[in-house]
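Report on the following structure.
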Amino acid sequence: MENKPTHIALQNFTTESGAFYASLNLSFQVFGPALHSAPIVLVNHALTGNSQVVGATGWWNDLVGDHKTIDTRKYTVLAFNVPGNGFDGHLLENYLDFNTRDIARIFIDGIKCIKIRQLYAIIGGSVGGGIAWEMAALEPRITQHLIPIASDWKATDWLIANCFLQEQILNNSLKPIEDARIHAMLCYRTPESFKAKFQRTTNEELAIFNVESWLRHHGDKLQKRFQLASYKMMNQLLRTIDITRNKGSFEEVASKIEAYIHIIGIDSDLFFTAKENKATFEELKKYNNKVSYQEIKSIHGHDAFLIEYKQLDNLLASIF
C-alpha cells in the first residue's frame with residue numbers, strides 16, 4: 001500500500017496575517033479505493049505526523065487499513081501534509097506567517113482542487129483535530145462527520161504556555177529538536193504512565209535512570225527524521241487553534257457546522273484536558289443535537305490516541 005505523495009501547487013495564497021505566497025506546495029496521499037469511488041475520510045496528522053497514515057511506516061496502521069476501524073476496502077482515506085512539515089521535501093521558514101486556520105483554508109483549497117464535494121468524515125488527533133475544527137468552521141457543510149480526538153476548538157492558556165516554552169527551546173537550545181521533544185514527552189504522557197513504565201529503574205550501562213535514557217532516545221529519534229523548521233511550524237499551529245478568532249462567539253461559529261460532531265477526549269490528557277472537552281460538548285449541546293462526547297480511559301495521557309486502539313475502535317465503530 002505504499003504510494004508517493006501527489007503534489008498540488010496552490011496559487012496566490014494570502015495568510016490571515018497578510019503574508020502573500022505566489023505558490024504554495026500542498027501534497028497528499030490516498031489509500032484504499034480510488035478517489036470518488038467510495039466515501040472519503042480525511043485524516044489530519046498531528047505534530048510529527050505526515051500523510052503516510054498506513055503502510056510500512058504508517059503512523060495509524062492500528063486504526064486505518066484493510067479490515068481495520070476505518071476500513072480501506074470501504075473508505076477512501078485522504079491525508080494532506082501540513083505545508084512545511086518536511087515530509088514532502090518542502091519547508092517553510094516563515095512559520096509565524098501561518099496559523100491553524102490558514103492550514104484549514106489550504107486543505108479546503110486542496111479538496112476543491114481534487115473535486116471533492118463532501119467528505120464522509122474528517123478525523124484528527126491533537127493539532128490535526130484542531131485543523132479539523134477550523135475546516136468545519138470555515139466550510140460548515142464540508143463533512144458529514146467531524147471527529148476531533150484529544151483536541152479542541154481552541155488552544156487554552158495552558159497549551160499556549162507549553163507551546164511558548166517549546167518555541168523558546170527551539171530558538172535557543174544547542175540541541176533544539178532533541179530538547180523540545182524531551183519537554184513535549186512530559187506533556188504527552190502522565191506521571192502515572194511514567195511510573196507504570198519505569199518504576200524508578202536504572203540503566204546500569206549508562207548509569208542513568210531508564211526514564212532519562214528513554215527521553216534521550218525519543219529526542220535522538222525525532223532529530224533524525226524531523227527538521228527544525230517543521231517543528232517550529234507545527235508548534236505555531238498548535239498554539240493558534242481558535243475557530244472564534246475575529247469571527248464572534250463560539251456559539252455563532254459552531255452552530256453553523258452541519259456535521260455530526262463526535263468529540264473524543266482522554267481522561268488523563270494534560271494537553272487538551274477532558275474537562276475542556278466536556279465544556280465544549282455541554283456548550284454545543286445547548287443548540288445542537290448532533291453532538292456526542294466519549295472518553296478514552298488511560299493512564300497514558302495525550303498520547304493515548306496513538307496507544308489505546310481497542311477503545312478507539314469501540315468508540316468509532318458506529319460511525320465507520
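Within each chain, counting starts at residue 1; across the C-alpha cells, chains are named A, B, ... in the order shown, with ligands numbered 1 upward in that order.
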**Message:** Which residues are close to Gln118 (chain A), i.e. within 12 Å by only C-alpha atoms, leaving aside same-chain residues fewer than 6 positions away? Reply as number ranges by chain.
**Reply:** A: 35-36, 38-42, 108, 111-112, 136, 139-145, 258-259
**Request:** Fewer than 4 positions away in the same chain doesn't count, so skip those; otherwise give me all residues within 12 Å of Gly55 (chain A), counting only C-alpha atoms, as a VMD selection string.
**Result:** chain A and resid 1 to 4 29 to 32 51 59 to 66 72
**Request:** Would you please work out which residue, of A:Asp102, A:Glu204, A:Asp313, A:Glu283, is nearest to Ile264 (chain A) when using only C-alpha atoms?
**Result:**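 The closest residue to Ile264 (chain A) is A:Asp313.
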**Prompt:** So how far away is CA of Cys113 (chain A) from CA of Phe320 (chain A), in Å?
**Reply:** 25.8 Å
**Request:** Please identify all polymer residues within 12 Å of region 305-307 of chain A, counting only C-alpha atoms, omitting same-chain residues fewer than 5 positions from it, and present them as a VMD selection string.
**Result:** chain A and resid 45 to 46 49 53 58 to 64 123 to 126 128 to 129 148 to 151 188 to 189 193 264 to 269 272 295 to 300 312 to 313 315
Write a file of the just-selected residues containing C-alpha atoms, as a PDB file, in the first residue's frame.
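Below is the file that was written, selection-v3.pdb:
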```pdb
ATOM      1  CA  HIS A  45      -1.955  14.292  11.130  1.00  0.00           C
ATOM      2  CA  ALA A  46      -0.580  15.529  14.452  1.00  0.00           C
ATOM      3  CA  GLY A  49       2.973  13.045  11.668  1.00  0.00           C
ATOM      4  CA  VAL A  53      -1.262   7.121   7.547  1.00  0.00           C
ATOM      5  CA  GLY A  58       2.232   4.318   8.624  1.00  0.00           C
ATOM      6  CA  TRP A  59       1.576   6.057  11.951  1.00  0.00           C
ATOM      7  CA  TRP A  60      -2.087   4.977  12.314  1.00  0.00           C
ATOM      8  CA  ASN A  61      -1.920   1.395  10.999  1.00  0.00           C
ATOM      9  CA  ASP A  62      -3.817   0.083  14.014  1.00  0.00           C
ATOM     10  CA  LEU A  63      -6.847   2.207  13.199  1.00  0.00           C
ATOM     11  CA  VAL A  64      -6.763   2.588   9.405  1.00  0.00           C
ATOM     12  CA  ILE A 123     -10.759  12.820  11.776  1.00  0.00           C
ATOM     13  CA  GLY A 124      -7.653  14.109  13.500  1.00  0.00           C
ATOM     14  CA  GLY A 125      -5.785  13.839  16.765  1.00  0.00           C
ATOM     15  CA  SER A 126      -4.213  16.729  18.664  1.00  0.00           C
ATOM     16  CA  GLY A 128      -4.894  17.507  13.481  1.00  0.00           C
ATOM     17  CA  GLY A 129      -8.191  17.723  15.353  1.00  0.00           C
ATOM     18  CA  PRO A 148     -11.655  15.644  16.821  1.00  0.00           C
ATOM     19  CA  ILE A 149      -9.660  13.330  19.119  1.00  0.00           C
ATOM     20  CA  ALA A 150      -7.529  14.590  22.045  1.00  0.00           C
ATOM     21  CA  SER A 151      -8.091  18.061  20.686  1.00  0.00           C
ATOM     22  CA  TYR A 188       2.135  13.853  26.021  1.00  0.00           C
ATOM     23  CA  ARG A 189       2.335  11.348  28.898  1.00  0.00           C
ATOM     24  CA  SER A 193       2.280   6.438  32.780  1.00  0.00           C
ATOM     25  CA  ILE A 264     -13.354  12.104  21.860  1.00  0.00           C
ATOM     26  CA  GLY A 265     -11.384  13.124  24.940  1.00  0.00           C
ATOM     27  CA  ILE A 266      -8.857  11.296  27.093  1.00  0.00           C
ATOM     28  CA  ASP A 267      -9.460  11.244  30.840  1.00  0.00           C
ATOM     29  CA  SER A 268      -5.754  11.747  31.642  1.00  0.00           C
ATOM     30  CA  ASP A 269      -4.834  14.206  28.863  1.00  0.00           C
ATOM     31  CA  PHE A 272      -6.194  19.020  25.740  1.00  0.00           C
ATOM     32  CA  GLU A 295     -13.773   9.329  26.509  1.00  0.00           C
ATOM     33  CA  ILE A 296     -10.723   7.095  26.303  1.00  0.00           C
ATOM     34  CA  LYS A 297      -9.748   5.834  29.754  1.00  0.00           C
ATOM     35  CA  SER A 298      -5.976   5.572  30.020  1.00  0.00           C
ATOM     36  CA  ILE A 299      -3.033   6.326  32.275  1.00  0.00           C
ATOM     37  CA  HIS A 300      -1.004   7.400  29.239  1.00  0.00           C
ATOM     38  CA  LEU A 312     -10.807   3.937  19.913  1.00  0.00           C
ATOM     39  CA  ASP A 313     -12.172   1.118  17.750  1.00  0.00           C
ATOM     40  CA  LEU A 315     -15.805   4.484  20.178  1.00  0.00           C
TER      41      LEU A 315
END
```
**Asked** Any idea what's packed within 12 Å of Lys175 (chain A), counting only C-alpha atoms, ignoring anything in its chain fewer than 2 positions away? Could you give it as JSON, numbers by chain?
**Response** {"A": [169, 170, 171, 172, 173, 177, 178, 179, 180, 181, 182, 216, 219, 220, 222, 223, 227, 228]}
Store the residues picked out above, limited to C-alpha atoms, as a PDB file, in the first residue's frame.
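That gives us result-v8.pdb:
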```pdb
ATOM      1  CA  ILE A 169      13.720  25.718  23.363  1.00  0.00           C
ATOM      2  CA  LEU A 170      13.529  25.538  19.547  1.00  0.00           C
ATOM      3  CA  ASN A 171      15.035  29.010  19.202  1.00  0.00           C
ATOM      4  CA  ASN A 172      17.615  28.926  21.992  1.00  0.00           C
ATOM      5  CA  SER A 173      18.808  25.364  22.613  1.00  0.00           C
ATOM      6  CA  ILE A 177      14.768  19.227  18.354  1.00  0.00           C
ATOM      7  CA  GLU A 178      16.053  16.799  20.993  1.00  0.00           C
ATOM      8  CA  ASP A 179      15.415  19.150  23.905  1.00  0.00           C
ATOM      9  CA  ALA A 180      11.993  20.304  22.690  1.00  0.00           C
ATOM     10  CA  ARG A 181      10.950  16.678  22.194  1.00  0.00           C
ATOM     11  CA  ILE A 182      12.069  15.763  25.723  1.00  0.00           C
ATOM     12  CA  ARG A 216      17.052  10.860  25.237  1.00  0.00           C
ATOM     13  CA  GLY A 219      14.872  13.185  21.292  1.00  0.00           C
ATOM     14  CA  ASP A 220      17.532  11.480  19.147  1.00  0.00           C
ATOM     15  CA  LEU A 222      12.970  12.718  16.235  1.00  0.00           C
ATOM     16  CA  GLN A 223      16.133  14.661  15.418  1.00  0.00           C
ATOM     17  CA  GLN A 227      13.543  19.299  10.627  1.00  0.00           C
ATOM     18  CA  LEU A 228      13.785  22.310  12.916  1.00  0.00           C
TER      19      LEU A 228
END
```
**Request:** Could you please write out, as JSON, numbers by chain, every residue of region 235-271 of chain A that DSSP assigns to alpha helix (DSSP H)?
**Result:** {"A": [235, 236, 237, 238, 239, 250, 251, 252, 253, 254]}
**Request:** Could you give me, as a list in words, the residues within 9 Å of region 211-213 of chain A, counting only C-alpha atoms and dropping anything in the same chain fewer than 4 positions from it?
**Result:**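 Counting only the stated atoms, we get Phe194, Lys197, Phe198, Gln199, Arg200, Thr201, Thr202, Asn203, Leu206, His217 and His218 of chain A.
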Selected residues, all heavy atoms, written as an mmCIF file, in the first residue's frame, please.
```cif
data_model
loop_
_atom_site.group_PDB
_atom_site.id
_atom_site.type_symbol
_atom_site.label_atom_id
_atom_site.label_comp_id
_atom_site.auth_asym_id
_atom_site.auth_seq_id
_atom_site.Cartn_x
_atom_site.Cartn_y
_atom_site.Cartn_z
ATOM 1 N N PHE A 194 4.507 7.170 33.414
ATOM 2 C CA PHE A 194 5.946 7.001 33.653
ATOM 3 C C PHE A 194 6.198 6.010 34.792
ATOM 4 O O PHE A 194 7.092 5.177 34.714
ATOM 5 C CB PHE A 194 6.592 8.351 33.990
ATOM 6 C CG PHE A 194 6.952 9.173 32.777
ATOM 7 C CD1 PHE A 194 6.483 8.845 31.520
ATOM 8 C CD2 PHE A 194 7.766 10.287 32.903
ATOM 9 C CE1 PHE A 194 6.814 9.605 30.402
ATOM 10 C CE2 PHE A 194 8.105 11.056 31.795
ATOM 11 C CZ PHE A 194 7.632 10.712 30.544
ATOM 12 N N LYS A 197 5.642 2.502 33.623
ATOM 13 C CA LYS A 197 6.635 2.069 32.622
ATOM 14 C C LYS A 197 8.035 1.866 33.222
ATOM 15 O O LYS A 197 8.729 0.923 32.864
ATOM 16 C CB LYS A 197 6.694 3.117 31.498
ATOM 17 C CG LYS A 197 7.481 2.680 30.264
ATOM 18 C CD LYS A 197 7.352 3.735 29.170
ATOM 19 C CE LYS A 197 8.147 3.373 27.926
ATOM 20 N NZ LYS A 197 7.622 2.193 27.218
ATOM 21 N N PHE A 198 8.448 2.740 34.117
ATOM 22 C CA PHE A 198 9.857 2.751 34.538
ATOM 23 C C PHE A 198 10.146 2.291 35.974
ATOM 24 O O PHE A 198 11.236 1.806 36.253
ATOM 25 C CB PHE A 198 10.454 4.142 34.320
ATOM 26 C CG PHE A 198 10.388 4.591 32.897
ATOM 27 C CD1 PHE A 198 9.520 5.609 32.511
ATOM 28 C CD2 PHE A 198 11.167 3.982 31.931
ATOM 29 C CE1 PHE A 198 9.445 6.015 31.181
ATOM 30 C CE2 PHE A 198 11.101 4.378 30.597
ATOM 31 C CZ PHE A 198 10.235 5.397 30.228
ATOM 32 N N GLN A 199 9.203 2.497 36.879
ATOM 33 C CA GLN A 199 9.381 2.019 38.266
ATOM 34 C C GLN A 199 10.731 2.429 38.879
ATOM 35 O O GLN A 199 11.346 1.666 39.615
ATOM 36 C CB GLN A 199 9.272 0.489 38.294
ATOM 37 C CG GLN A 199 7.995 -0.071 37.694
ATOM 38 C CD GLN A 199 6.856 -0.121 38.691
ATOM 39 O OE1 GLN A 199 7.058 -0.247 39.881
ATOM 40 N NE2 GLN A 199 5.640 0.011 38.187
ATOM 41 N N ARG A 200 11.204 3.597 38.537
ATOM 42 C CA ARG A 200 12.468 4.131 39.059
ATOM 43 C C ARG A 200 13.685 3.245 38.761
ATOM 44 O O ARG A 200 14.704 3.301 39.462
ATOM 45 C CB ARG A 200 12.362 4.398 40.572
ATOM 46 C CG ARG A 200 11.265 5.404 40.930
ATOM 47 C CD ARG A 200 11.181 5.727 42.414
ATOM 48 N NE ARG A 200 12.383 6.402 42.871
ATOM 49 C CZ ARG A 200 13.316 5.836 43.640
ATOM 50 N NH1 ARG A 200 13.206 4.578 44.033
ATOM 51 N NH2 ARG A 200 14.365 6.533 44.018
ATOM 52 N N THR A 201 13.583 2.433 37.720
ATOM 53 C CA THR A 201 14.706 1.543 37.371
ATOM 54 C C THR A 201 15.826 2.333 36.699
ATOM 55 O O THR A 201 15.604 3.426 36.172
ATOM 56 C CB THR A 201 14.242 0.421 36.421
ATOM 57 O OG1 THR A 201 13.599 1.021 35.287
ATOM 58 C CG2 THR A 201 13.284 -0.528 37.118
ATOM 59 N N THR A 202 17.025 1.743 36.727
ATOM 60 C CA THR A 202 18.177 2.436 36.142
ATOM 61 C C THR A 202 18.767 1.648 34.987
ATOM 62 O O THR A 202 18.633 0.425 34.899
ATOM 63 C CB THR A 202 19.285 2.657 37.194
ATOM 64 O OG1 THR A 202 19.561 1.406 37.825
ATOM 65 C CG2 THR A 202 18.878 3.679 38.222
ATOM 66 N N ASN A 203 19.450 2.386 34.118
ATOM 67 C CA ASN A 203 20.215 1.787 33.030
ATOM 68 C C ASN A 203 21.652 1.657 33.552
ATOM 69 O O ASN A 203 22.373 2.647 33.646
ATOM 70 C CB ASN A 203 20.138 2.697 31.793
ATOM 71 C CG ASN A 203 20.904 2.145 30.605
ATOM 72 O OD1 ASN A 203 21.988 1.598 30.755
ATOM 73 N ND2 ASN A 203 20.332 2.314 29.422
ATOM 74 N N LEU A 206 24.630 2.992 31.285
ATOM 75 C CA LEU A 206 24.795 4.443 31.186
ATOM 76 C C LEU A 206 24.800 5.130 32.551
ATOM 77 O O LEU A 206 25.057 6.321 32.649
ATOM 78 C CB LEU A 206 23.669 5.045 30.324
ATOM 79 C CG LEU A 206 23.551 4.532 28.890
ATOM 80 C CD1 LEU A 206 22.302 5.086 28.230
ATOM 81 C CD2 LEU A 206 24.780 4.913 28.072
ATOM 82 N N HIS A 217 16.387 8.903 23.996
ATOM 83 C CA HIS A 217 16.114 8.106 22.794
ATOM 84 C C HIS A 217 15.059 8.788 21.918
ATOM 85 O O HIS A 217 15.214 8.885 20.697
ATOM 86 C CB HIS A 217 15.656 6.698 23.197
ATOM 87 C CG HIS A 217 15.008 5.924 22.089
ATOM 88 N ND1 HIS A 217 15.725 5.363 21.054
ATOM 89 C CD2 HIS A 217 13.693 5.637 21.844
ATOM 90 C CE1 HIS A 217 14.889 4.762 20.216
ATOM 91 N NE2 HIS A 217 13.656 4.906 20.675
ATOM 92 N N HIS A 218 13.980 9.272 22.546
ATOM 93 C CA HIS A 218 12.928 9.959 21.780
ATOM 94 C C HIS A 218 13.439 11.241 21.138
ATOM 95 O O HIS A 218 13.068 11.567 20.008
ATOM 96 C CB HIS A 218 11.710 10.238 22.673
ATOM 97 C CG HIS A 218 10.748 9.093 22.699
ATOM 98 N ND1 HIS A 218 9.804 8.906 21.708
ATOM 99 C CD2 HIS A 218 10.602 8.053 23.545
ATOM 100 C CE1 HIS A 218 9.117 7.806 21.961
ATOM 101 N NE2 HIS A 218 9.583 7.256 23.078
#
```
**Asked** Within 7 Å of Asn99 (chain A), counting only C-alpha atoms, which residues qualify if same-chain residues fewer than 4 places away don't, as a ChimeraX atom specification?
**Response** /A:103,236-237,240
How about saving the chosen residues, N, CA and C atoms kept, as a PDB file, in the first residue's frame?
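Wrote it out as again.pdb, contents follow:
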```pdb
ATOM      1  N   ILE A 103      -3.994  26.808   7.529  1.00  0.00           N
ATOM      2  CA  ILE A 103      -3.802  25.419   7.087  1.00  0.00           C
ATOM      3  C   ILE A 103      -5.155  24.799   6.710  1.00  0.00           C
ATOM      4  N   GLN A 236       3.710  26.304  16.120  1.00  0.00           N
ATOM      5  CA  GLN A 236       2.953  27.540  15.871  1.00  0.00           C
ATOM      6  C   GLN A 236       1.476  27.232  15.611  1.00  0.00           C
ATOM      7  N   LEU A 237       1.206  26.149  14.896  1.00  0.00           N
ATOM      8  CA  LEU A 237      -0.184  25.779  14.594  1.00  0.00           C
ATOM      9  C   LEU A 237      -0.909  25.327  15.860  1.00  0.00           C
ATOM     10  N   THR A 240      -2.133  28.293  17.843  1.00  0.00           N
ATOM     11  CA  THR A 240      -3.054  29.253  17.203  1.00  0.00           C
ATOM     12  C   THR A 240      -4.414  28.636  16.857  1.00  0.00           C
TER      13      THR A 240
END
```
**Message:** I'd like to know which residues of region 63-299 of chain A are strand (DSSP E or B) (by DSSP, run on the backbone); could you write them as a ChimeraX atom specification?
**Reply:** /A:64-65,70-71,76-80,119-125,143-149,154,202-203,208-209,242,260-266,291-296
Go ahead and write the selection's residues with C-alpha atoms as a compact mmCIF listing (two decimals), in the first residue's frame.
```txt
# COMPACT_ATOMS: atom_id res chain seq x y z
CA VAL A 64 -6.76 2.59 9.40
CA GLY A 65 -6.34 -0.17 6.80
CA ILE A 70 -11.56 2.82 9.11
CA ASP A 71 -11.61 0.03 6.54
CA THR A 76 -11.04 6.15 0.54
CA VAL A 77 -8.58 7.63 3.03
CA LEU A 78 -7.11 11.01 2.10
CA ALA A 79 -4.29 12.66 4.04
CA PHE A 80 -2.64 16.03 3.35
CA LEU A 119 -16.25 14.28 2.84
CA TYR A 120 -17.74 11.43 4.80
CA ALA A 121 -15.58 12.27 7.80
CA ILE A 122 -12.71 14.45 8.96
CA ILE A 123 -10.76 12.82 11.78
CA GLY A 124 -7.65 14.11 13.50
CA GLY A 125 -5.79 13.84 16.76
CA THR A 143 -18.15 16.83 6.02
CA GLN A 144 -20.89 14.56 7.38
CA HIS A 145 -18.85 13.65 10.47
CA LEU A 146 -16.34 15.74 12.41
CA ILE A 147 -14.18 13.66 14.78
CA PRO A 148 -11.66 15.64 16.82
CA ILE A 149 -9.66 13.33 19.12
CA LYS A 154 -9.14 26.41 20.79
CA THR A 202 18.18 2.44 36.14
CA ASN A 203 20.21 1.79 33.03
CA ILE A 208 21.21 6.94 34.50
CA PHE A 209 17.54 6.33 35.17
CA ASP A 242 -9.13 29.10 17.64
CA TYR A 260 -22.37 15.33 13.32
CA ILE A 261 -19.67 16.24 15.87
CA HIS A 262 -18.10 13.33 17.75
CA ILE A 263 -15.75 14.67 20.43
CA ILE A 264 -13.35 12.10 21.86
CA GLY A 265 -11.38 13.12 24.94
CA ILE A 266 -8.86 11.30 27.09
CA VAL A 291 -23.06 16.12 19.04
CA SER A 292 -21.58 13.42 21.29
CA TYR A 293 -18.79 13.18 23.81
CA GLN A 294 -16.90 9.97 24.51
CA GLU A 295 -13.77 9.33 26.51
CA ILE A 296 -10.72 7.09 26.30
```
**Request:** Would you please work out which residue, of A:Ala104, A:Ala196, A:Ala279, A:Leu91, is nearest to Ala132 (chain A) when using only C-alpha atoms?
**Result:**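 Among A:Ala104, A:Ala196, A:Ala279, A:Leu91, it is A:Ala104 that comes nearest to Ala132 (chain A).
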**Request:** Quote the spacing between CA of Leu96 (chain A) and CA of Phe28 (chain A) in Å to one decimal place.
**Result:**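 So the answer is 23.1 Å.
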**Prompt:** Rounded to one decimal in Å, what is the spacing between CA of Glu282 (chain A) and CA of Asp152 (chain A)?
**Reply:**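 Going from CA of Glu282 (chain A) over to CA of Asp152 (chain A) covers 13.2 Å.
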**Asked** Pick the closest to Lys275 (chain A) from A:Gln52, A:His183, A:Thr156, A:Asp303: which is it, counting only C-alpha atoms?
**Response** A:Thr156
